[in-house]
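> Here it is, the structure in full.
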Amino acid sequence: MSISAAMVKELRERTGSGMMECKKALVEAGGDLDAAIEIMRKAGLAKADKKSSRTAAEGRLAVKLSADGKHAAIAEINCETDFVAKADDFTEFADGVAQTILDSGVASVDALLAAKLPAGGAVDERRRELVAKLGENINVRRFERFDVGAGVAVSYLHGSRIGVLVELTTADQALGKDVAMHIAASKPICVDEGQVPAETIAKEKEIFSAQAEASGKPANIIEKMVEGRIKKFLGEVTLVGQPFVKDPDQTVGALLKSKGSAVVRFVRFEVGEGIEKEESNFAEEVMAQVRGS
């Protein structure tokens, strides 16, 4: 059976795949469009598995909130290059994943991968299809979901690479936005001193003590020096202790107190943080792809 240009065009429109890939699938399927789609889908799953070991440290964050501000979700979806991170298909997938988290209430990445996207189909099925279509490894890396009681959840996205969710005890959206922007810029590790891990404080105290002892000062002076350094450290890493970015003359804690509010919790994601990136030569990669094609 001869494969017409119209058949190839229709298959391309239905799958978003390349012309030669569509023609090959149509030939294999004897001109049956549905069978060709199934062939391409199976091939796509195989491609996704082959690319799964490749480092995906680029990508984007997606955030979704319920209309009443009582539920919020943030997700990090990774790919290999910034170019793919900006692609419409990738952006739509990331938004769909965040909406699925908000709607389904899943509690783990595995459960999320098995959940259905708003547009239909499982998250992992669509992820694999995009790997085949876009040619890069794609991962659903992590997410958080807030379910708020008396207060409100507020989000902030700085571009598509830094995202924050904040839960306030009051329904002050403007305050929540200011605090979320502060968190995006200043990277606190927790809300207050009570949430700083004891081992973190012990480690810092050990470092400060060694530095102070090198000064040769008396033990009682060293103790005061260490106490001062620990207090300064806690002010730097806790949200309430940091100077507010929009008004450094007051701390975030003082700002919250003046508004009769408090932060219950927050989460800050930055795309690719903690992922060890592979050094690569872009020109060599392009030439390798050209030679391979």
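Order determines the names: the first chain of the structure tokens is A, the second B, and so forth; residues in each chain are numbered 1 upward, and ligands are numbered 1 upward as they are shown.
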Which parts of region 222-251 of chain A does DSSP call alpha helix (DSSP H) when run on the backbone here, written out as a list in words?
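DSSP on the backbone gives alpha helix (DSSP H) at Ile222, Glu223, Lys224, Met225, Val226, Glu227, Gly228, Arg229, Ile230, Lys231, Lys232, Phe233, Leu234, Gly235, Glu236 and Val237 of chain A.
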> Near Asp34 (chain A), counting only C-alpha atoms, which residues have an atom at most 12 Å away, once you skip same-chain residues fewer than 4 positions from it, shown as an MDAnalysis selection string?
chainID A and resid 7 10:11 14:15 22 25:26 28:30 38:41
> Go ahead and write the residues just picked, C-alpha atoms, as a CSV table (one decimal), in the first residue's frame.

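The file below, part-v6.csv, is the result:
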```csv
chain,number,residue,atom,x,y,z
A,7,MET,CA,-1.8,10.3,5.6
A,10,GLU,CA,-2.7,13.5,9.6
A,11,LEU,CA,-0.5,11.2,11.7
A,14,ARG,CA,-2.3,13.5,15.8
A,15,THR,CA,1.1,12.5,17.4
A,22,CYS,CA,5.3,8.9,10.9
A,25,ALA,CA,5.0,3.7,11.3
A,26,LEU,CA,2.4,3.9,8.6
A,28,GLU,CA,4.7,-0.9,9.2
A,29,ALA,CA,1.0,-0.6,10.0
A,30,GLY,CA,-0.1,-1.0,6.3
A,38,GLU,CA,0.0,2.3,18.7
A,39,ILE,CA,3.4,1.4,17.0
A,40,MET,CA,4.7,4.9,17.7
A,41,ARG,CA,3.5,4.8,21.2
```
> Go through region 127-174 of chain A residue by residue and, counting only C-alpha atoms, keep those with an atom at most 10 Å from region 91-111 of chain A; for each kept residue give the shortest atom pair and its distance in Å to one decimal, ordered by chain and increasing number, as a tab-separated table.

```
residue	atom	partner	partner_atom	distance
A:Arg127	CA	A:Phe93	CA	7.8
A:Leu130	CA	A:Phe93	CA	8.7
A:Val140	CA	A:Val109	CA	7.3
A:Arg141	CA	A:Val109	CA	7.5
A:Arg142	CA	A:Val109	CA	6.6
A:Phe143	CA	A:Val109	CA	7.6
A:Glu144	CA	A:Ile101	CA	8.4
A:Arg145	CA	A:Leu102	CA	7.0
A:Phe146	CA	A:Leu102	CA	8.8
A:Asp147	CA	A:Gly105	CA	9.4
A:Ser160	CA	A:Thr91	CA	9.7
```
> Point out the residue among A:Ile138, A:Ala35, A:Ala254, A:Val166 with the least atom-to-atom distance to Glu80 (chain A), counting only C-alpha atoms.
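So, comparing all the options, the nearest one is A:Ile138.
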> Any chance you could list, as a VMD selection string, the residues in region 9-201 of chain A that come up strand (DSSP E) when DSSP is run on the backbone?
chain A and resid 58 to 65 71 to 79 139 to 147 152 to 158 162 to 168
> What's the separation between CA of Arg54 (chain A) and CA of Ala75 (chain A), in Å to one decimal place?
20.3 Å
> So what do you get for CA of Thr169 (chain A) versus CA of Asp247 (chain A), distance-wise?
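Answer for the CA of Thr169 (chain A) to CA of Asp247 (chain A) separation: 21.8 Å.
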> I'd like the neighbourhood of Phe208 (chain A) as a list of chain:residue names, where a residue qualifies if any of its atoms comes within 12 Å (using only C-alpha atoms), though same-chain residues fewer than 3 positions away should be ignored.
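The neighbour list is A:Ile201, A:Ala202, A:Lys203, A:Glu204, A:Lys205, A:Gln211, A:Ala212, A:Glu213, A:Ala214, A:Ser215, A:Ile222, A:Glu223, A:Lys224, A:Met225, A:Val226, A:Glu227, A:Gly228, A:Arg229, A:Ile230, A:Lys231, A:Lys232, A:Phe233.
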> Keeping N, CA and C atoms, export the residues of the selection given above as a PDB file, in the first residue's frame.

```
ATOM      1  N   ILE A 201      22.763  23.052  64.655  1.00  0.00           N
ATOM      2  CA  ILE A 201      23.263  24.015  65.642  1.00  0.00           C
ATOM      3  C   ILE A 201      24.557  23.507  66.268  1.00  0.00           C
ATOM      4  N   ALA A 202      24.606  22.195  66.596  1.00  0.00           N
ATOM      5  CA  ALA A 202      25.802  21.608  67.208  1.00  0.00           C
ATOM      6  C   ALA A 202      27.007  21.724  66.276  1.00  0.00           C
ATOM      7  N   LYS A 203      26.783  21.507  64.996  1.00  0.00           N
ATOM      8  CA  LYS A 203      27.877  21.588  64.024  1.00  0.00           C
ATOM      9  C   LYS A 203      28.396  23.014  63.909  1.00  0.00           C
ATOM     10  N   GLU A 204      27.479  23.980  63.841  1.00  0.00           N
ATOM     11  CA  GLU A 204      27.890  25.374  63.753  1.00  0.00           C
ATOM     12  C   GLU A 204      28.617  25.815  65.029  1.00  0.00           C
ATOM     13  N   LYS A 205      28.121  25.346  66.169  1.00  0.00           N
ATOM     14  CA  LYS A 205      28.757  25.695  67.449  1.00  0.00           C
ATOM     15  C   LYS A 205      30.187  25.158  67.512  1.00  0.00           C
ATOM     16  N   GLN A 211      37.031  28.406  65.907  1.00  0.00           N
ATOM     17  CA  GLN A 211      37.491  29.710  65.428  1.00  0.00           C
ATOM     18  C   GLN A 211      37.795  30.646  66.598  1.00  0.00           C
ATOM     19  N   ALA A 212      36.932  30.618  67.625  1.00  0.00           N
ATOM     20  CA  ALA A 212      37.111  31.501  68.781  1.00  0.00           C
ATOM     21  C   ALA A 212      38.327  31.107  69.605  1.00  0.00           C
ATOM     22  N   GLU A 213      38.543  29.807  69.760  1.00  0.00           N
ATOM     23  CA  GLU A 213      39.683  29.327  70.548  1.00  0.00           C
ATOM     24  C   GLU A 213      41.007  29.732  69.913  1.00  0.00           C
ATOM     25  N   ALA A 214      40.998  29.854  68.583  1.00  0.00           N
ATOM     26  CA  ALA A 214      42.227  30.249  67.885  1.00  0.00           C
ATOM     27  C   ALA A 214      42.629  31.682  68.218  1.00  0.00           C
ATOM     28  N   SER A 215      41.692  32.452  68.769  1.00  0.00           N
ATOM     29  CA  SER A 215      41.987  33.840  69.125  1.00  0.00           C
ATOM     30  C   SER A 215      42.805  33.941  70.404  1.00  0.00           C
ATOM     31  N   ILE A 222      35.297  33.363  75.168  1.00  0.00           N
ATOM     32  CA  ILE A 222      35.025  32.477  74.025  1.00  0.00           C
ATOM     33  C   ILE A 222      33.576  32.023  74.040  1.00  0.00           C
ATOM     34  N   GLU A 223      33.068  31.691  75.230  1.00  0.00           N
ATOM     35  CA  GLU A 223      31.679  31.227  75.357  1.00  0.00           C
ATOM     36  C   GLU A 223      30.708  32.306  74.880  1.00  0.00           C
ATOM     37  N   LYS A 224      30.964  33.553  75.271  1.00  0.00           N
ATOM     38  CA  LYS A 224      30.103  34.658  74.844  1.00  0.00           C
ATOM     39  C   LYS A 224      30.212  34.893  73.333  1.00  0.00           C
ATOM     40  N   MET A 225      31.421  34.735  72.804  1.00  0.00           N
ATOM     41  CA  MET A 225      31.624  34.903  71.370  1.00  0.00           C
ATOM     42  C   MET A 225      30.824  33.866  70.582  1.00  0.00           C
ATOM     43  N   VAL A 226      30.876  32.632  71.071  1.00  0.00           N
ATOM     44  CA  VAL A 226      30.160  31.541  70.396  1.00  0.00           C
ATOM     45  C   VAL A 226      28.656  31.771  70.475  1.00  0.00           C
ATOM     46  N   GLU A 227      28.168  32.205  71.642  1.00  0.00           N
ATOM     47  CA  GLU A 227      26.743  32.485  71.805  1.00  0.00           C
ATOM     48  C   GLU A 227      26.289  33.569  70.816  1.00  0.00           C
ATOM     49  N   GLY A 228      27.117  34.591  70.670  1.00  0.00           N
ATOM     50  CA  GLY A 228      26.796  35.670  69.741  1.00  0.00           C
ATOM     51  C   GLY A 228      26.773  35.192  68.295  1.00  0.00           C
ATOM     52  N   ARG A 229      27.726  34.328  67.937  1.00  0.00           N
ATOM     53  CA  ARG A 229      27.783  33.809  66.573  1.00  0.00           C
ATOM     54  C   ARG A 229      26.585  32.894  66.271  1.00  0.00           C
ATOM     55  N   ILE A 230      26.188  32.100  67.252  1.00  0.00           N
ATOM     56  CA  ILE A 230      25.027  31.216  67.073  1.00  0.00           C
ATOM     57  C   ILE A 230      23.755  32.038  66.897  1.00  0.00           C
ATOM     58  N   LYS A 231      23.621  33.099  67.702  1.00  0.00           N
ATOM     59  CA  LYS A 231      22.448  33.971  67.592  1.00  0.00           C
ATOM     60  C   LYS A 231      22.402  34.615  66.211  1.00  0.00           C
ATOM     61  N   LYS A 232      23.542  35.041  65.720  1.00  0.00           N
ATOM     62  CA  LYS A 232      23.622  35.650  64.388  1.00  0.00           C
ATOM     63  C   LYS A 232      23.275  34.618  63.309  1.00  0.00           C
ATOM     64  N   PHE A 233      23.779  33.400  63.478  1.00  0.00           N
ATOM     65  CA  PHE A 233      23.516  32.325  62.524  1.00  0.00           C
ATOM     66  C   PHE A 233      22.020  32.019  62.456  1.00  0.00           C
TER      67      PHE A 233
END
```
> For Gly149 (chain A), which of A:Arg126, A:Lys70, A:Lys86, A:Lys257 is the closest residue, counting only C-alpha atoms?
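Checking each candidate against Gly149 (chain A), we get A:Lys70 as the closest.
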> Between CA of Ser66 (chain A) and CA of Val264 (chain A), what is the spacing in Å?
18.4 Å
> What's the 10 Å shell around Ile275 (chain A), counting only C-alpha atoms, without same-chain residues fewer than 3 positions away, as a list in words?
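Near neighbours after the sequence-gap exclusion: Thr55, Ala56, Ala57, Glu58, Val271, Gly272 and Glu278 of chain A.
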> Could you please take those selected residues and save N, CA and C atoms as a short mmCIF file (atom, residue, chain, number, x, y, z; two decimals), in the first residue's frame?

```cif
data_model
loop_
_atom_site.label_atom_id
_atom_site.label_comp_id
_atom_site.auth_asym_id
_atom_site.auth_seq_id
_atom_site.Cartn_x
_atom_site.Cartn_y
_atom_site.Cartn_z
N THR A 55 21.04 12.71 32.79
CA THR A 55 20.81 13.74 33.81
C THR A 55 19.83 14.79 33.32
N ALA A 56 18.80 15.04 34.11
CA ALA A 56 17.81 16.07 33.81
C ALA A 56 17.82 17.08 34.95
N ALA A 57 18.58 18.16 34.76
CA ALA A 57 18.74 19.16 35.82
C ALA A 57 18.13 20.50 35.46
N GLU A 58 17.57 20.62 34.25
CA GLU A 58 16.84 21.82 33.87
C GLU A 58 15.35 21.56 34.09
N VAL A 271 14.69 24.98 40.67
CA VAL A 271 14.92 23.95 39.66
C VAL A 271 16.36 23.47 39.68
N GLY A 272 16.52 22.15 39.77
CA GLY A 272 17.84 21.54 39.66
C GLY A 272 18.67 21.56 40.92
N GLU A 278 26.11 17.25 34.65
CA GLU A 278 27.22 16.76 33.85
C GLU A 278 27.74 17.88 32.96
#
```
> So, with only C-alpha atoms as the atoms that count, which of A:Ser2, A:Asn78, A:Ser261, A:Asn137 lies closest to Glu167 (chain A)?
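The closest residue to Glu167 (chain A) is A:Ser261.
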> Which residues are close to Leu239 (chain A), i.e. within 7 Å by only C-alpha atoms, leaving aside same-chain residues fewer than 2 positions away? Reply as a PDB file with C-alpha atoms, in the first residue's frame.

```pdb
ATOM      1  CA  PRO A 188      15.574  30.661  54.919  1.00  0.00           C
ATOM      2  CA  CYS A 190      12.873  27.068  58.408  1.00  0.00           C
ATOM      3  CA  VAL A 191      10.333  29.346  60.089  1.00  0.00           C
ATOM      4  CA  ASP A 192      11.945  29.846  63.510  1.00  0.00           C
ATOM      5  CA  VAL A 237      18.755  31.015  58.477  1.00  0.00           C
ATOM      6  CA  GLY A 241      14.955  36.301  62.125  1.00  0.00           C
ATOM      7  CA  GLN A 242      15.876  37.610  58.683  1.00  0.00           C
ATOM      8  CA  VAL A 252      10.104  39.219  58.948  1.00  0.00           C
TER       9      VAL A 252
END
```
